[in-house]
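Structure record follows, encoded as C-alpha cells.
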Amino acid sequence: MSEEKCDKCGAGMLIKMGRYGKFLACSAYPECKNIQPLEKPKALDIACPQCKEGEMMEKKSRYGKIFYSCNRYPKCKYALWNPPKAEACPKCSWPLTEIKTTKRWGTVQRCPQEECDWEKELIPPVKKPAAKKTTAKKAAVKKTATKKTAAKKAPAKKTAVKKTAAKKAPAKKDA
Ligand SMILES: [Zn+2]
Ligand SMILES: [Zn+2]
Ligand SMILES: [Zn+2]
C-alpha cells in the first residue's frame, strides 16, 4: 500500500509491477479501475526551448533515472538528463541552461546545446580535501598496526633471550 489515495474513489492505491515498471492501482479494483504512474511528472515552470509551446517536466525513466522532458511528448521529444534552469545561454542565447553536478568537476551551469561549449562553474569540486582525509586515515591505521605488532614481538623476544641466558649462566658457574 502506498501513501497515495485514489483520486476517483478515495481508496488507497497499491504499488503494482507492470510491463513498463511500477505503477499505482486502486485497491478497490475491480470496482474502481483507476491506475496512476508511480512518479507523477513534476512541472518545472520552464518553457520548452525547442517547441516553445510545452513545458519542461521532471520525470523518472523506467530504470529509475530522473530526466527532464517536454510535456508535449511524443509531439516534442526535447529532453535533458540534467536539471534545466530558466536562464538563457549568454553565448548562443538558447532559452535555457542546465545544471550539471559531477564529482570531478563540481557543479557547473552549462549550455545543453551540443554545438555550444558555454560553461560556468557554480560550486568547485570537493574531491581534493576528501581524498587527503582518506589517505591520512589510512596512513594512521597502518602506523598503529605496525606499532602494535612491533610492541608485541619485541618484549617477547627479550624475555625469551633473558630466560635462556639466565638458565645457561648459572649452569656454567656450577660446573
Ligand atoms: Zn479508486
Ligand atoms: Zn517541447
Ligand atoms: Zn549556448
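In the C-alpha cells, chains take the letters A, B, ... in the order shown, each chain's residues start at 1, and ligands count up from 1 in the order shown.
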Mind listing the residues within 9 Å of ligand 3, only C-alpha atoms and all ligand atoms counted, as a PyMOL selection string?
chain A and resi 88-97+110-119
Saved selection, atoms kept: C-alpha atoms, as a short mmCIF file (atom, residue, chain, number, x, y, z; two decimals), in the first residue's frame:
```
data_model
loop_
_atom_site.label_atom_id
_atom_site.label_comp_id
_atom_site.auth_asym_id
_atom_site.auth_seq_id
_atom_site.Cartn_x
_atom_site.Cartn_y
_atom_site.Cartn_z
CA ALA A 88 19.36 31.71 -21.41
CA CYS A 89 22.83 30.79 -22.60
CA PRO A 90 24.89 34.01 -22.83
CA LYS A 91 26.85 32.63 -25.77
CA CYS A 92 24.27 31.17 -28.17
CA SER A 93 21.12 32.54 -26.43
CA TRP A 94 19.47 29.11 -26.18
CA PRO A 95 16.46 29.78 -23.87
CA LEU A 96 17.64 27.51 -21.07
CA THR A 97 20.81 26.21 -19.48
CA ARG A 110 26.24 24.80 -18.95
CA CYS A 111 24.58 25.12 -22.29
CA PRO A 112 22.77 21.93 -23.29
CA GLN A 113 23.38 22.59 -26.99
CA GLU A 114 25.99 20.25 -28.43
CA GLU A 115 27.47 22.88 -30.72
CA CYS A 116 27.87 25.35 -27.85
CA ASP A 117 30.54 24.99 -25.18
CA TRP A 118 29.40 27.67 -22.74
CA GLU A 119 30.01 26.64 -19.14
#
```
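Based on only C-alpha atoms and all ligand atoms, the protein and nucleic acid residues found within 12 Å of ligand 2 are, by chain and then by number, Ile46, Ala47, Cys48, Pro49, Gln50, Cys51, Lys52, Glu53, Gly54, Glu55, Met56, Met57, Tyr68, Ser69, Cys70, Asn71, Arg72, Tyr73, Pro74, Lys75, Cys76, Lys77, Tyr78, Ala79 and Leu80 of chain A.
Nearest residue to ligand 1 among A:Pro83, A:Pro37, A:Pro30, A:Gly21 is A:Pro30, counting only C-alpha atoms and all ligand atoms.
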Test item: residues lying within 10 Å of ligand 1 with only C-alpha atoms and all ligand atoms, as a count of residues only
20
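As for CA of Lys59 (chain A) and CA of Glu39 (chain A), they are spaced 7.3 Å apart.
Here the residues within region 11-136 of chain A that DSSP labels helix (DSSP H, G or I) on the basis of the backbone are Lys127, Lys128, Pro129, Ala130, Ala131, Lys132, Lys133, Thr134, Thr135 and Ala136 of chain A.
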Contacts of Phe67 (chain A) at 7 Å or less, counting only C-alpha atoms, minus same-chain residues fewer than 5 places along, as a CSV table (one decimal) with N, CA and C atoms, in the first residue's frame?
```
chain,number,residue,atom,x,y,z
A,58,GLU,N,9.8,17.2,-14.8
A,58,GLU,CA,10.8,16.2,-14.2
A,58,GLU,C,10.1,14.9,-14.2
A,59,LYS,N,10.8,13.9,-14.8
A,59,LYS,CA,10.2,12.6,-14.9
A,59,LYS,C,11.2,11.5,-14.5
A,60,LYS,N,10.7,10.3,-14.3
A,60,LYS,CA,11.6,9.2,-13.9
A,60,LYS,C,11.5,8.2,-15.0
A,61,SER,N,12.6,7.8,-15.5
A,61,SER,CA,12.6,6.8,-16.5
A,61,SER,C,12.3,5.4,-16.0
A,80,LEU,N,16.4,16.4,-21.4
A,80,LEU,CA,17.7,16.7,-20.8
A,80,LEU,C,17.9,15.7,-19.7
A,81,TRP,N,19.1,15.3,-19.4
A,81,TRP,CA,19.5,14.5,-18.3
A,81,TRP,C,19.8,15.3,-17.0
A,82,ASN,N,20.1,16.5,-17.2
A,82,ASN,CA,20.4,17.4,-16.1
A,82,ASN,C,19.3,18.4,-15.9
```
